[in-house]
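Enquirer: Quick one, work_26.csv (CSV, C-alpha atoms and all ligand atoms):
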```csv
chain,number,residue,atom,x,y,z
A,4,MET,CA,-224.9,45.4,44.7
A,5,ASN,CA,-225.6,47.5,47.7
A,6,GLN,CA,-224.2,45.4,50.4
A,7,LYS,CA,-222.4,46.1,53.6
A,8,ILE,CA,-219.9,43.6,54.9
A,9,LYS,CA,-220.6,42.3,58.4
A,10,TYR,CA,-217.6,41.7,60.6
A,11,GLN,CA,-217.4,38.7,62.9
A,12,LEU,CA,-213.7,38.8,63.7
A,13,LEU,CA,-211.8,36.7,66.2
A,14,GLU,CA,-211.7,38.4,69.6
A,15,GLY,CA,-208.6,40.2,70.8
A,16,ASP,CA,-205.2,39.9,69.2
A,17,SER,CA,-205.6,36.9,67.0
A,18,LYS,CA,-202.4,34.9,66.7
A,19,VAL,CA,-200.4,34.8,63.6
A,20,SER,CA,-197.9,32.0,63.3
A,21,LEU,CA,-196.1,31.4,60.1
A,22,PRO,CA,-193.9,28.3,59.9
A,23,ASP,CA,-190.4,28.8,58.6
A,24,ASN,CA,-190.9,26.5,55.7
A,25,LEU,CA,-194.1,27.5,54.0
A,26,VAL,CA,-195.3,24.8,51.7
A,27,PHE,CA,-197.7,25.8,49.0
A,28,GLY,CA,-201.4,25.7,50.1
A,29,ARG,CA,-201.1,24.2,53.5
A,30,ASN,CA,-201.4,27.2,55.8
A,31,PHE,CA,-204.4,29.5,56.0
A,32,SER,CA,-205.0,32.9,57.6
A,33,ASN,CA,-207.4,33.6,60.5
A,34,HIS,CA,-210.4,34.9,58.5
A,35,ILE,CA,-212.3,34.3,55.3
A,36,PHE,CA,-214.8,36.5,53.3
A,37,GLU,CA,-218.0,34.8,52.4
A,38,MET,CA,-221.4,35.5,51.0
A,39,ASP,CA,-224.4,33.6,49.8
A,40,TYR,CA,-226.5,33.7,46.7
A,41,ASP,CA,-230.2,33.2,47.1
A,42,PRO,CA,-232.7,34.4,44.4
A,43,ALA,CA,-235.5,34.5,47.0
A,44,GLU,CA,-233.5,37.2,48.9
A,45,GLY,CA,-232.7,39.1,45.8
A,46,GLY,CA,-229.2,37.7,44.9
A,47,TRP,CA,-225.9,37.9,46.9
A,48,VAL,CA,-226.6,38.4,50.6
A,49,ASN,CA,-224.9,37.8,54.0
A,50,ALA,CA,-221.6,39.2,53.0
A,51,LYS,CA,-219.3,38.8,56.0
A,52,ILE,CA,-215.7,38.4,57.1
A,53,LYS,CA,-215.5,35.7,59.7
A,54,LYS,CA,-213.1,33.4,61.3
A,55,TYR,CA,-211.7,30.5,59.3
A,56,GLU,CA,-213.7,27.4,60.2
A,57,ASP,CA,-215.4,24.4,58.6
A,58,PHE,CA,-218.5,24.9,56.5
A,59,ASN,CA,-221.8,23.5,57.5
A,60,LEU,CA,-222.9,21.7,54.3
A,61,SER,CA,-225.7,19.4,53.4
A,62,PRO,CA,-224.6,16.0,52.1
A,63,ALA,CA,-227.1,16.7,49.3
A,64,ALA,CA,-225.3,20.0,48.3
A,65,MET,CA,-225.4,19.9,44.5
A,66,SER,CA,-221.7,20.9,44.0
A,67,LEU,CA,-220.7,17.6,45.7
A,68,HIS,CA,-222.7,15.6,43.2
A,69,TYR,CA,-222.5,17.5,39.9
A,70,GLY,CA,-219.4,19.6,40.3
A,71,GLN,CA,-220.8,23.1,39.9
A,72,GLU,CA,-217.7,24.8,41.3
A,73,ILE,CA,-215.4,27.6,40.0
A,74,PHE,CA,-212.3,29.2,41.5
A,75,GLU,CA,-209.6,31.7,41.0
A,76,GLY,CA,-206.0,32.2,42.1
A,77,LEU,CA,-204.0,35.4,42.6
A,78,LYS,CA,-201.5,36.8,45.0
A,79,ALA,CA,-200.9,39.7,47.4
A,80,TYR,CA,-197.3,41.0,47.8
A,81,LYS,CA,-196.0,43.1,50.7
A,82,HIS,CA,-193.5,45.7,49.4
A,83,GLU,CA,-190.5,46.9,51.3
A,84,ASN,CA,-192.3,50.2,52.1
A,85,GLY,CA,-195.1,48.2,53.8
A,86,LYS,CA,-197.6,48.7,50.9
A,87,ILE,CA,-199.6,45.7,49.9
A,88,ALA,CA,-200.1,45.1,46.2
A,89,LEU,CA,-202.4,42.8,44.3
A,90,PHE,CA,-201.5,41.7,40.8
A,91,ARG,CA,-204.2,42.5,38.2
A,92,PRO,CA,-207.0,41.2,40.5
A,93,GLU,CA,-209.8,42.5,38.2
A,94,LYS,CA,-208.6,40.1,35.5
A,95,ASN,CA,-209.3,37.2,37.9
A,96,PHE,CA,-212.8,38.3,38.7
A,97,GLU,CA,-213.6,39.0,35.1
A,98,ARG,CA,-212.5,35.5,34.3
A,99,MET,CA,-214.5,34.1,37.2
A,100,ASN,CA,-217.6,35.7,35.8
A,101,ARG,CA,-216.9,34.1,32.4
A,102,SER,CA,-216.5,30.7,34.2
A,103,ALA,CA,-219.8,31.4,36.1
A,104,LYS,CA,-221.7,32.1,32.9
A,105,ARG,CA,-220.5,28.8,31.3
A,106,LEU,CA,-221.4,26.8,34.4
A,107,CYS,CA,-224.8,28.5,34.8
A,108,MET,CA,-223.7,30.1,38.1
A,109,PRO,CA,-224.5,33.7,39.2
A,110,GLU,CA,-222.1,36.5,38.4
A,111,ILE,CA,-220.4,38.6,41.1
A,112,ASP,CA,-220.2,42.3,41.3
A,113,ILE,CA,-216.5,42.8,40.6
A,114,ASP,CA,-216.1,46.1,42.4
A,115,PHE,CA,-217.8,44.8,45.5
A,116,VAL,CA,-215.8,41.6,45.6
A,117,LEU,CA,-212.6,43.4,45.0
A,118,GLU,CA,-213.4,45.7,48.0
A,119,ALA,CA,-214.2,42.6,50.1
A,120,LEU,CA,-210.9,41.0,49.0
A,121,LYS,CA,-208.9,44.1,50.0
A,122,GLU,CA,-210.8,44.1,53.3
A,123,VAL,CA,-210.0,40.5,54.3
A,124,VAL,CA,-206.4,40.9,53.2
A,125,ARG,CA,-206.1,44.1,55.2
A,126,ILE,CA,-207.5,42.3,58.3
A,127,ASP,CA,-205.1,39.4,57.9
A,128,GLN,CA,-202.2,41.3,56.5
A,129,ASP,CA,-199.8,39.9,59.1
A,130,PHE,CA,-200.2,36.6,57.2
A,131,ILE,CA,-198.4,38.1,54.2
A,132,PRO,CA,-194.9,36.7,54.6
A,133,THR,CA,-192.2,39.2,53.8
A,134,LYS,CA,-189.3,36.9,53.2
A,135,GLU,CA,-187.7,36.9,49.8
A,136,GLY,CA,-190.2,35.5,47.2
A,137,HIS,CA,-193.0,35.0,49.7
A,138,SER,CA,-196.6,36.1,49.2
A,139,LEU,CA,-200.2,35.6,50.1
A,140,TYR,CA,-202.0,33.3,47.8
A,141,ILE,CA,-205.7,34.2,47.4
A,142,ARG,CA,-208.3,31.7,46.5
A,143,PRO,CA,-211.8,32.9,45.6
A,144,VAL,CA,-214.3,30.1,45.2
A,145,MET,CA,-218.0,29.7,44.3
A,146,PHE,CA,-219.9,26.5,44.7
A,147,SER,CA,-223.5,25.3,44.5
A,148,THR,CA,-225.4,24.6,47.8
A,149,ASP,CA,-228.9,23.5,46.9
A,150,PRO,CA,-229.7,20.2,48.7
A,151,PHE,CA,-231.1,18.4,45.7
A,152,LEU,CA,-230.2,15.4,43.6
A,153,GLY,CA,-231.8,16.3,40.4
A,154,VAL,CA,-229.6,17.6,37.6
A,155,ARG,CA,-230.1,21.3,36.9
A,156,PRO,CA,-228.3,24.4,37.9
A,157,SER,CA,-228.5,25.1,41.6
A,158,GLU,CA,-230.4,28.1,42.8
A,159,LYS,CA,-228.2,28.8,45.8
A,160,TYR,CA,-224.5,29.3,46.0
A,161,LYS,CA,-221.7,30.2,48.4
A,162,PHE,CA,-218.8,32.5,47.4
A,163,PHE,CA,-215.7,32.7,49.6
A,164,ILE,CA,-212.2,34.0,49.6
A,165,LEU,CA,-209.5,31.9,51.3
A,166,LEU,CA,-206.0,33.3,52.1
A,167,SER,CA,-202.9,31.1,52.2
A,168,PRO,CA,-199.4,32.4,53.0
A,169,VAL,CA,-196.9,30.8,50.6
A,170,GLY,CA,-193.2,30.6,50.1
A,171,PRO,CA,-191.4,30.8,46.8
A,172,TYR,CA,-192.6,28.0,44.4
A,173,TYR,CA,-189.0,26.9,44.0
A,174,PRO,CA,-187.4,27.1,47.5
A,175,GLU,CA,-183.9,26.2,46.1
A,176,GLY,CA,-184.1,29.0,43.5
A,177,PHE,CA,-185.5,29.2,40.0
A,178,LYS,CA,-185.0,25.6,38.8
A,179,PRO,CA,-186.2,24.0,35.6
A,180,VAL,CA,-189.1,21.5,35.7
A,181,LYS,CA,-189.4,18.2,33.9
A,182,ILE,CA,-192.6,17.7,31.9
A,183,MET,CA,-194.1,15.0,29.8
A,184,ALA,CA,-196.4,15.2,26.8
A,185,THR,CA,-199.0,12.4,26.7
A,186,LYS,CA,-201.3,10.9,24.1
A,187,GLU,CA,-203.0,8.7,26.6
A,188,TYR,CA,-205.3,11.2,28.2
A,189,VAL,CA,-206.7,14.6,27.3
A,190,ARG,CA,-207.6,17.5,29.5
A,191,ALA,CA,-210.4,19.4,27.6
A,192,VAL,CA,-212.1,19.6,24.3
A,193,ARG,CA,-213.3,22.6,22.4
A,194,LYS,CA,-216.8,23.9,23.3
A,195,GLY,CA,-216.4,22.2,26.7
A,196,VAL,CA,-215.2,23.9,29.9
A,197,GLY,CA,-211.5,23.9,29.3
A,198,GLU,CA,-211.3,27.6,29.4
A,199,CYS,CA,-213.1,27.8,32.8
A,200,LYS,CA,-211.2,27.6,36.1
A,201,THR,CA,-213.5,24.8,37.4
A,202,ALA,CA,-212.7,21.8,39.6
A,203,GLY,CA,-213.7,19.2,37.0
A,204,ASN,CA,-210.9,20.1,34.7
A,205,TYR,CA,-208.4,19.2,37.5
A,206,ALA,CA,-210.2,16.0,38.4
A,207,ALA,CA,-209.9,15.0,34.7
A,208,SER,CA,-206.2,15.7,34.7
A,209,LEU,CA,-205.2,13.8,37.8
A,210,LEU,CA,-204.6,10.4,36.3
A,211,GLY,CA,-202.3,11.7,33.6
A,212,GLN,CA,-200.6,13.7,36.2
A,213,LYS,CA,-200.1,10.7,38.4
A,214,ILE,CA,-198.6,8.7,35.7
A,215,ALA,CA,-196.2,11.5,34.7
A,216,LYS,CA,-195.1,11.7,38.4
A,217,GLU,CA,-194.4,8.0,38.5
A,218,GLN,CA,-192.1,8.4,35.6
A,219,GLY,CA,-190.2,11.3,37.2
A,220,TYR,CA,-192.0,14.2,35.5
A,221,SER,CA,-193.6,16.9,37.6
A,222,GLN,CA,-196.4,17.9,35.2
A,223,VAL,CA,-198.2,16.9,32.0
A,224,LEU,CA,-197.9,18.9,28.8
A,225,TRP,CA,-201.5,18.4,27.4
A,226,LEU,CA,-202.0,17.9,23.7
A,227,ASP,CA,-205.3,18.8,21.9
A,228,ALA,CA,-208.1,16.4,22.4
A,229,ILE,CA,-209.0,15.8,18.7
A,230,GLU,CA,-205.7,15.1,17.0
A,231,GLN,CA,-203.4,14.9,19.9
A,232,LYS,CA,-200.7,16.9,18.1
A,233,TYR,CA,-201.1,20.5,19.1
A,234,LEU,CA,-199.7,21.9,22.4
A,235,GLU,CA,-202.3,23.0,24.8
A,236,GLU,CA,-201.0,23.8,28.3
A,237,VAL,CA,-199.1,22.3,31.2
A,238,GLY,CA,-200.9,21.1,34.3
A,239,THR,CA,-201.5,24.5,36.0
A,240,MET,CA,-199.7,26.7,33.6
A,241,ASN,CA,-199.8,28.0,30.0
A,242,ILE,CA,-196.9,27.1,27.8
A,243,PHE,CA,-194.6,29.3,25.7
A,244,VAL,CA,-192.1,28.0,23.1
A,245,GLN,CA,-189.2,30.2,22.0
A,246,PHE,CA,-187.9,29.5,18.5
A,247,LYS,CA,-185.0,31.5,17.1
A,248,ASP,CA,-187.2,34.0,15.3
A,249,GLU,CA,-190.4,33.9,17.3
A,250,VAL,CA,-192.0,33.2,20.6
A,251,VAL,CA,-195.2,31.1,20.3
A,252,THR,CA,-198.0,30.3,22.7
A,253,PRO,CA,-201.2,28.3,21.8
A,254,PRO,CA,-204.2,30.5,21.0
A,255,LEU,CA,-207.3,30.8,23.2
A,256,GLN,CA,-209.8,28.6,21.4
A,257,GLY,CA,-211.8,27.4,24.3
A,258,THR,CA,-209.7,24.5,25.6
A,259,ILE,CA,-207.0,26.2,27.6
A,260,LEU,CA,-207.1,28.6,30.6
A,261,PRO,CA,-206.6,32.2,29.6
A,262,GLY,CA,-203.9,32.9,32.1
A,263,VAL,CA,-203.3,36.3,33.6
A,264,THR,CA,-199.6,35.6,33.6
A,265,ARG,CA,-199.8,34.4,30.0
A,266,MET,CA,-201.5,37.8,29.1
A,267,SER,CA,-198.8,39.7,31.0
A,268,VAL,CA,-195.9,37.8,29.4
A,269,ILE,CA,-197.3,38.5,25.9
A,270,GLN,CA,-197.6,42.2,26.7
A,271,LEU,CA,-194.1,42.3,28.2
A,272,LEU,CA,-192.5,40.5,25.2
A,273,LYS,CA,-194.4,42.6,22.6
A,274,ASN,CA,-193.4,45.7,24.4
A,275,GLN,CA,-189.7,44.6,24.1
A,276,GLY,CA,-190.0,44.0,20.4
A,277,TYR,CA,-190.2,40.2,20.4
A,278,ASN,CA,-192.1,38.5,17.6
A,279,VAL,CA,-194.8,36.9,19.7
A,280,ASN,CA,-197.5,34.8,18.1
A,281,GLU,CA,-200.6,33.1,19.5
A,282,ARG,CA,-200.8,30.3,17.1
A,283,ARG,CA,-201.2,26.5,17.1
A,284,VAL,CA,-197.9,24.7,17.4
A,285,THR,CA,-197.5,20.9,17.1
A,286,ILE,CA,-195.4,18.7,19.3
A,287,ASP,CA,-193.6,17.6,16.1
A,288,GLU,CA,-192.6,21.2,15.4
A,289,VAL,CA,-191.2,21.4,18.9
A,290,VAL,CA,-189.3,18.1,18.5
A,291,ASP,CA,-188.0,19.1,15.1
A,292,GLY,CA,-186.9,22.5,16.4
A,293,TYR,CA,-185.0,20.8,19.2
A,294,LYS,CA,-183.2,18.6,16.7
A,295,ASP,CA,-182.3,21.3,14.2
A,296,GLY,CA,-181.4,23.8,16.8
A,297,THR,CA,-184.1,26.4,16.0
A,298,LEU,CA,-185.9,25.8,19.3
A,299,LEU,CA,-184.3,27.7,22.2
A,300,GLU,CA,-186.4,27.1,25.2
A,301,LEU,CA,-189.8,26.3,26.7
A,302,PHE,CA,-191.4,27.8,29.8
A,303,GLY,CA,-194.8,27.7,31.6
A,304,THR,CA,-196.6,30.7,33.1
A,305,GLY,CA,-199.0,30.8,36.0
A,306,THR,CA,-199.7,32.7,39.3
A,307,ALA,CA,-198.2,30.0,41.6
A,308,ALA,CA,-194.8,29.7,40.0
A,309,ILE,CA,-195.0,32.9,37.8
A,310,ILE,CA,-192.5,31.3,35.2
A,311,SER,CA,-191.4,27.7,35.1
A,312,SER,CA,-188.5,27.0,32.8
A,313,VAL,CA,-188.7,23.5,31.2
A,314,GLY,CA,-185.6,21.5,31.8
A,315,ARG,CA,-186.7,18.3,30.1
A,316,LEU,CA,-189.6,17.4,27.8
A,317,LYS,CA,-190.5,13.8,27.3
A,318,TYR,CA,-192.7,12.7,24.4
A,319,GLY,CA,-192.9,9.0,23.6
A,320,GLU,CA,-189.4,8.0,22.7
A,321,GLU,CA,-188.2,11.6,22.4
A,322,LEU,CA,-186.4,13.3,25.2
A,323,LEU,CA,-185.7,17.0,24.8
A,324,LYS,CA,-183.0,18.0,27.3
A,325,PHE,CA,-182.3,21.6,28.1
A,326,SER,CA,-180.8,21.8,31.5
A,327,ASP,CA,-181.6,20.3,34.9
A,328,ASP,CA,-180.2,23.2,36.9
A,329,GLU,CA,-180.1,26.3,34.8
A,330,ALA,CA,-183.3,28.0,33.7
A,331,GLY,CA,-183.5,29.2,30.2
A,332,GLU,CA,-182.4,32.8,29.4
A,333,LEU,CA,-185.8,34.2,28.4
A,334,GLY,CA,-187.7,32.4,31.2
A,335,LYS,CA,-185.2,33.8,33.7
A,336,LYS,CA,-185.4,37.3,32.4
A,337,LEU,CA,-189.3,37.3,32.4
A,338,TYR,CA,-189.3,35.8,35.9
A,339,LYS,CA,-187.2,38.7,37.1
A,340,GLU,CA,-189.1,41.4,35.3
A,341,ILE,CA,-192.5,40.2,36.5
A,342,THR,CA,-191.5,39.5,40.1
A,343,ASP,CA,-189.7,42.8,40.2
A,344,ILE,CA,-193.0,44.6,39.4
A,345,GLN,CA,-195.0,42.4,41.8
A,346,PHE,CA,-192.7,43.0,44.7
A,347,GLY,CA,-192.3,46.7,44.0
A,348,ARG,CA,-188.6,46.6,42.9
A,349,ALA,CA,-189.4,47.9,39.5
A,350,GLU,CA,-191.7,50.6,38.2
A,351,ASP,CA,-195.2,49.3,37.6
A,352,ARG,CA,-195.1,50.6,34.0
A,353,PHE,CA,-198.2,48.7,32.8
A,354,ASN,CA,-200.3,49.6,35.8
A,355,TRP,CA,-200.7,46.0,36.8
A,356,LEU,CA,-200.7,46.6,40.6
A,357,THR,CA,-203.7,47.4,42.7
A,358,PHE,CA,-202.8,48.7,46.2
A,359,LEU,CA,-204.8,48.1,49.3
A,360,ASP,CA,-205.1,51.8,50.2
A,401,LIG,C1,-204.9,29.0,36.7
A,401,LIG,C2,-204.4,28.2,35.5
A,401,LIG,C3,-203.4,28.7,34.6
A,401,LIG,C4,-202.6,30.0,34.9
A,401,LIG,O1,-203.4,31.1,34.9
A,401,LIG,P1,-202.9,32.4,35.7
A,401,LIG,O2,-204.0,33.4,35.6
A,401,LIG,O3,-201.7,32.9,35.0
A,401,LIG,O4,-202.5,32.0,37.1
A,401,LIG,C5,-203.1,27.9,33.6
A,401,LIG,N1,-203.7,26.7,33.3
A,401,LIG,C6,-204.7,26.3,34.1
A,401,LIG,C7,-205.3,24.9,33.8
A,401,LIG,C8,-205.0,27.0,35.3
A,401,LIG,O5,-206.0,26.5,36.1
```
Could you show the structure in this file as structure tokens?

Expert:
Amino acid sequence: MNQKIKYQLLEGDSKVSLPDNLVFGRNFSNHIFEMDYDPAEGGWVNAKIKKYEDFNLSPAAMSLHYGQEIFEGLKAYKHENGKIALFRPEKNFERMNRSAKRLCMPEIDIDFVLEALKEVVRIDQDFIPTKEGHSLYIRPVMFSTDPFLGVRPSEKYKFFILLSPVGPYYPEGFKPVKIMATKEYVRAVRKGVGECKTAGNYAASLLGQKIAKEQGYSQVLWLDAIEQKYLEEVGTMNIFVQFKDEVVTPPLQGTILPGVTRMSVIQLLKNQGYNVNERRVTIDEVVDGYKDGTLLELFGTGTAAIISSVGRLKYGEELLKFSDDEAGELGKKLYKEITDIQFGRAEDRFNWLTFLD
């Protein structure tokens, strides 16, 4: 792609105001990057960085009717020396292109989009909060725009990158979460779109999520759609189970999101000599392990929280209680190791960081 980015920046010194209490996903920076896909114009065109404002969208835009939408989530971290680091951003754009293929959407040029991402982050770098545990959440999105009510892949699309300054996921420190496994609803089925980061997967998960919330659990632990016995993933995170002699995470068989954090945790653990296996694990194996003491801990992995230690797991009549205020040993250790790399406190020994300059 031989495109130049156009700049339509806010005039003068644009104001940067960050509230003291940054809630996840509520605040946005001054600018976004966007571009349009139009086959009549030869593909991706109109790349620009412009002020954050509402879109002008047809009520007939296909994404509103048939859900052709994909997204990504990653973060930028400001180090103490002022350098700005992105965590494995190429993995997000590679995954976005896999999602695009599955949903019949156009692929993006990873090098170009990564440059565009760095550019908009550089322009709005004052929105990267520097307080402990704070970062800039980056949300790339692509959606279909053809004004048409027939069912087919859209011809035109918009791609944009939205920036949102965020505080630490757990403002009171690294606290365990309560999760609930359910047989009532399923999230995704093999050969469907479960491995794509697409809006519909979240829409499908909301009711189960709502019911879990009503019962005092913050997220759902999804079981497989066919037999409802194998662990899949948790709401917005992949799941890991530590038994005495192995660490297990469900394999990538098309129904779960191939998390960048998941991939990084596997690499870290293998590197430290842990017996890590990507294999199917049943909810009964987890319950039995809890009862006979061979299960040590469970934790989720994802960009927003990095690591979420599981304090309680509810499944039917079973309640697996770990701790409501102390995170598990392994979860805590991994959280520290990964965030130390992300915030530049530890050597980037796997070359995971991409710097802005
Ligand atoms: C994004 C996401 C994850 C975590 O992926 P990361 O790349 O680690 O952030 C896990 N599950 C689902 C359903 C997701 O959407």

Enquirer: Residues near stretch 257-273 of chain A, anyone? I mean within 6 Å using only C-alpha atoms, not counting same-chain ones fewer than 6 positions away, as a list in words.

Expert: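 Residues near the query, excluding close chain neighbours: Ala191, Val192, Arg193, Gly197, Glu198, Thr304 and Gly305 of chain A.
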
Enquirer: With distances taken over all atoms listed in the file, which residue among A:Phe58, A:Tyr188, A:Tyr205, A:Phe243 lies nearest ligand LIG 401 (chain A)?

Expert: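 Closest to ligand LIG 401 (chain A) of all the choices is A:Tyr205.
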
Enquirer: Distance atom CA of A:Asn49-atom CA of A:Ile8, one decimal place?

Expert: 7.7 Å

Enquirer: If I take atom CA of A:Asp327 and atom CA of A:Tyr293, how far is one from the other in Å, to one decimal?

Expert: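 Spanning atom CA of A:Asp327 to atom CA of A:Tyr293 is a straight-line distance of 16.1 Å.
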
Enquirer: With distances taken over all atoms listed in the file, which residue among A:Val124, A:Met240, A:Ala215, A:Ala88 lies nearest ligand LIG 401 (chain A)?

Expert: A:Met240

Enquirer: Could you check which residues have any atom within 9 Å of (-180.8, 23.8, 30.3), counting only C-alpha atoms with coordinates taken straight from the file, and then list them as an MDAnalysis selection string?

Expert: chainID A and resid 179 300 312:315 324:331

Enquirer: Closest to ligand LIG 401 (chain A) among A:Tyr220, A:Trp225, A:Tyr233, A:Phe130, using all atoms listed in the file?

Expert: A:Trp225
